[in-house]
Amino acid sequence: MVVDPEHGSVNGGNRPLPSPPSPRPQGPHLTPREVAEALRARIRSGELRPGQRMPTQARLAAEFGVERGAVRQALRLLQAERLLINVSKGSPATVAPVPGRMPTGPFEAPQPTTVALAPRIAEAFAAPHVEIDALCLTSISLTLAIGEPLRRIHAGELKPAKVDVRVLLPSRDIDLAFPRPVDDLGGRDPVHRGWLAQRNAQGQVLKHNLLALRATHGIEVRVTYRALPFTPPVKLYLLNGREALFAYYTLTRREEEVGQEQLEMYDAEGTRSMLFAFDQAGDVRDTRFVEQSRVWFDALWETISSDLLLTD
């Protein structure tokens, strides 16, 4: 008699049958979310272990009977949930070392806004409902960062169902702490006019690019601005209620040609401000920072801010 090693022990006794494998749904009509659900179940059950590399996108596409684009969207959904890391076109993704929490590592060190913001905004756009709150001097950094998820949406890599963006900017009617001329110009302030033109132009571009997703991809989009009665000394981005990116506006005294004259001014280079990242899935300190940042933003939005109309 031949004993099946899968169902017998060395001493001839029986042992429990192994647990059945996680279900593997297949079919041409599977959506990215359904693929994500199947992969999520494998991660939660331990079938896919922390630190383990996922099968290639081609292999997953063949297994589920879907296009690679659907697999890629599913992987990005799981990345947004902090279950996967290193999701890209070129190599297989990896199960997060601690699923549900971003791993610690060198990338958590603060980086300039131009480097750090775009990939985190793109990651936020992998969620079905994208929520972005921003407090800043102008929306130039956010406008630039939105370009990456817009590119991925047009390429079919991302397709959120809904996008809500709220932006707090300084009011046009206040005397800004910065940027402003070092010397009193007797009521004539070309620096303020330049800032206002940039605030309005960048805000209009951001709003136009996002609202265009309604017509091109059927995505529900809402973009709202409100005005603050003070100059914000910091910039803050809240992504999907889970992550807070925080930076200081560091002032410098510099000389610049404004119009036809050279002016000394106090100003800050917002695109180079170093962003510090706090994740709600991190430790207690990070969780509390994200929670309090949301409370602070909501309080400003609902109390002392006012309607803001971006005009030329």
# chains A, B, ... in the order shown; residues from 1 in each chain; ligands from 1

$ residues_around --residues "Asp307 in chain A" --least-positions-apart "5" --cutoff "9 Å" --atoms "only C-alpha atoms" --output "VMD selection string"
chain A and resid 225 to 227

$ closest_atom_pairs --of "range 269-296 of chain A" --to "range 129-143 of chain A" --cutoff "9 Å" --atoms "only C-alpha atoms" --output "CSV"
residue,atom,partner,partner_atom,distance
A:Gly270,CA,A:Ser141,CA,7.4
A:Thr271,CA,A:Ser141,CA,5.7
A:Arg294,CA,A:Asp133,CA,8.7

$ closest_atom_pairs --of "range 89-181 of chain A" --to "range 53-77 of chain A" --cutoff "9 Å" --atoms "only C-alpha atoms" --output "tab-separated table"
residue	atom	partner	partner_atom	distance
A:Lys89	CA	A:Arg72	CA	7.8
A:Ser91	CA	A:Thr56	CA	7.2
A:Pro92	CA	A:Thr56	CA	5.0
A:Ala93	CA	A:Met54	CA	5.4
A:Thr94	CA	A:Arg53	CA	4.3
A:Val95	CA	A:Arg53	CA	6.3
A:Glu123	CA	A:Arg76	CA	7.3
A:Phe125	CA	A:Arg76	CA	8.9
A:Ala126	CA	A:Leu77	CA	5.2
A:Ala127	CA	A:Leu77	CA	5.8
A:Pro128	CA	A:Leu77	CA	8.0
A:Gly156	CA	A:Gly69	CA	6.8
A:Glu157	CA	A:Gln73	CA	5.8
A:Leu158	CA	A:Gln73	CA	5.9
A:Lys159	CA	A:Gln73	CA	7.7

$ residues_around --residues "range 241-257 of chain A" --least-positions-apart "4" --cutoff "10 Å" --atoms "only C-alpha atoms" --output "MDAnalysis selection string"
chainID A and resid 80:81 110:113 116:117 120 124 130:137 178:182 191 232:237 261:282 286:287 289:294

$ residues_around --residues "Leu308 in chain A" --least-positions-apart "3" --cutoff "10 Å" --atoms "only C-alpha atoms" --output "number ranges by chain"
A: 167-172, 224-228, 305, 311

$ write_last_selection --atoms "N, CA, C and O atoms" --output "PDB file, in the first residue's frame"
ATOM      1  N   VAL A 167      -8.913  73.655  -0.569  1.00  0.00           N
ATOM      2  CA  VAL A 167      -7.666  74.411  -0.481  1.00  0.00           C
ATOM      3  C   VAL A 167      -7.907  75.701   0.292  1.00  0.00           C
ATOM      4  O   VAL A 167      -8.831  76.468  -0.035  1.00  0.00           O
ATOM      5  N   LEU A 168      -7.089  75.932   1.307  1.00  0.00           N
ATOM      6  CA  LEU A 168      -7.092  77.184   2.057  1.00  0.00           C
ATOM      7  C   LEU A 168      -5.918  78.039   1.599  1.00  0.00           C
ATOM      8  O   LEU A 168      -4.760  77.591   1.626  1.00  0.00           O
ATOM      9  N   LEU A 169      -6.204  79.273   1.185  1.00  0.00           N
ATOM     10  CA  LEU A 169      -5.193  80.218   0.711  1.00  0.00           C
ATOM     11  C   LEU A 169      -5.393  81.556   1.410  1.00  0.00           C
ATOM     12  O   LEU A 169      -6.507  81.871   1.845  1.00  0.00           O
ATOM     13  N   PRO A 170      -4.343  82.384   1.512  1.00  0.00           N
ATOM     14  CA  PRO A 170      -4.522  83.705   2.129  1.00  0.00           C
ATOM     15  C   PRO A 170      -5.477  84.574   1.315  1.00  0.00           C
ATOM     16  O   PRO A 170      -5.505  84.517   0.084  1.00  0.00           O
ATOM     17  N   SER A 171      -6.228  85.385   2.025  1.00  0.00           N
ATOM     18  CA  SER A 171      -7.127  86.325   1.377  1.00  0.00           C
ATOM     19  C   SER A 171      -6.341  87.401   0.629  1.00  0.00           C
ATOM     20  O   SER A 171      -5.246  87.796   1.044  1.00  0.00           O
ATOM     21  N   ARG A 172      -6.907  87.901  -0.451  1.00  0.00           N
ATOM     22  CA  ARG A 172      -6.275  88.974  -1.217  1.00  0.00           C
ATOM     23  C   ARG A 172      -6.305  90.288  -0.468  1.00  0.00           C
ATOM     24  O   ARG A 172      -5.563  91.213  -0.792  1.00  0.00           O
ATOM     25  N   THR A 224     -12.826  73.099  -4.068  1.00  0.00           N
ATOM     26  CA  THR A 224     -13.331  74.262  -3.340  1.00  0.00           C
ATOM     27  C   THR A 224     -12.168  75.018  -2.703  1.00  0.00           C
ATOM     28  O   THR A 224     -11.253  74.410  -2.148  1.00  0.00           O
ATOM     29  N   TYR A 225     -12.230  76.354  -2.799  1.00  0.00           N
ATOM     30  CA  TYR A 225     -11.228  77.224  -2.172  1.00  0.00           C
ATOM     31  C   TYR A 225     -11.896  78.090  -1.115  1.00  0.00           C
ATOM     32  O   TYR A 225     -13.043  78.521  -1.279  1.00  0.00           O
ATOM     33  N   ARG A 226     -11.150  78.361  -0.040  1.00  0.00           N
ATOM     34  CA  ARG A 226     -11.576  79.345   0.939  1.00  0.00           C
ATOM     35  C   ARG A 226     -10.370  80.201   1.328  1.00  0.00           C
ATOM     36  O   ARG A 226      -9.221  79.771   1.210  1.00  0.00           O
ATOM     37  N   ALA A 227     -10.681  81.430   1.795  1.00  0.00           N
ATOM     38  CA  ALA A 227      -9.635  82.416   2.072  1.00  0.00           C
ATOM     39  C   ALA A 227      -9.372  82.529   3.567  1.00  0.00           C
ATOM     40  O   ALA A 227     -10.309  82.567   4.380  1.00  0.00           O
ATOM     41  N   LEU A 228      -8.097  82.604   3.926  1.00  0.00           N
ATOM     42  CA  LEU A 228      -7.679  82.781   5.315  1.00  0.00           C
ATOM     43  C   LEU A 228      -7.385  84.253   5.601  1.00  0.00           C
ATOM     44  O   LEU A 228      -6.847  84.958   4.741  1.00  0.00           O
ATOM     45  N   SER A 305     -12.363  81.187   7.972  1.00  0.00           N
ATOM     46  CA  SER A 305     -12.141  81.333   6.524  1.00  0.00           C
ATOM     47  C   SER A 305     -13.394  81.850   5.862  1.00  0.00           C
ATOM     48  O   SER A 305     -14.497  81.764   6.400  1.00  0.00           O
ATOM     49  N   THR A 311     -10.062  85.217  -9.302  1.00  0.00           N
ATOM     50  CA  THR A 311     -10.295  86.135 -10.416  1.00  0.00           C
ATOM     51  C   THR A 311      -8.965  86.595 -10.978  1.00  0.00           C
ATOM     52  O   THR A 311      -7.934  86.573 -10.322  1.00  0.00           O
TER      53      THR A 311
END

$ select_by_dssp --residues "range 6-243 of chain A" --states "alpha helix (DSSP H)" --output "number ranges by chain"
A: 32-45, 57-64, 68-80, 113-124, 140-154, 190-217

$ atom_distance --atom1 "CA of Pro190 in chain A" --atom2 "CA of Arg166 in chain A"
28.3 Å

$ atom_distance --atom1 "CA of Val221 in chain A" --atom2 "CA of Leu206 in chain A"
12.0 Å

$ atom_distance --atom1 "CA of Leu238 in chain A" --atom2 "CA of Thr216 in chain A"
26.0 Å

$ closest_residue --among "A:Val258, A:Leu83, A:Ile219, A:Leu78" --to "Pro32 in chain A" --atoms "only C-alpha atoms"
A:Leu78

$ closest_residue --among "A:Asn240, A:Ala177, A:Gly46, A:Gln79" --to "His192 in chain A" --atoms "only C-alpha atoms"
A:Ala177

$ closest_residue --among "A:Ile174, A:Val163, A:Ala122, A:Ile304" --to "Lys207 in chain A" --atoms "only C-alpha atoms"
A:Val163
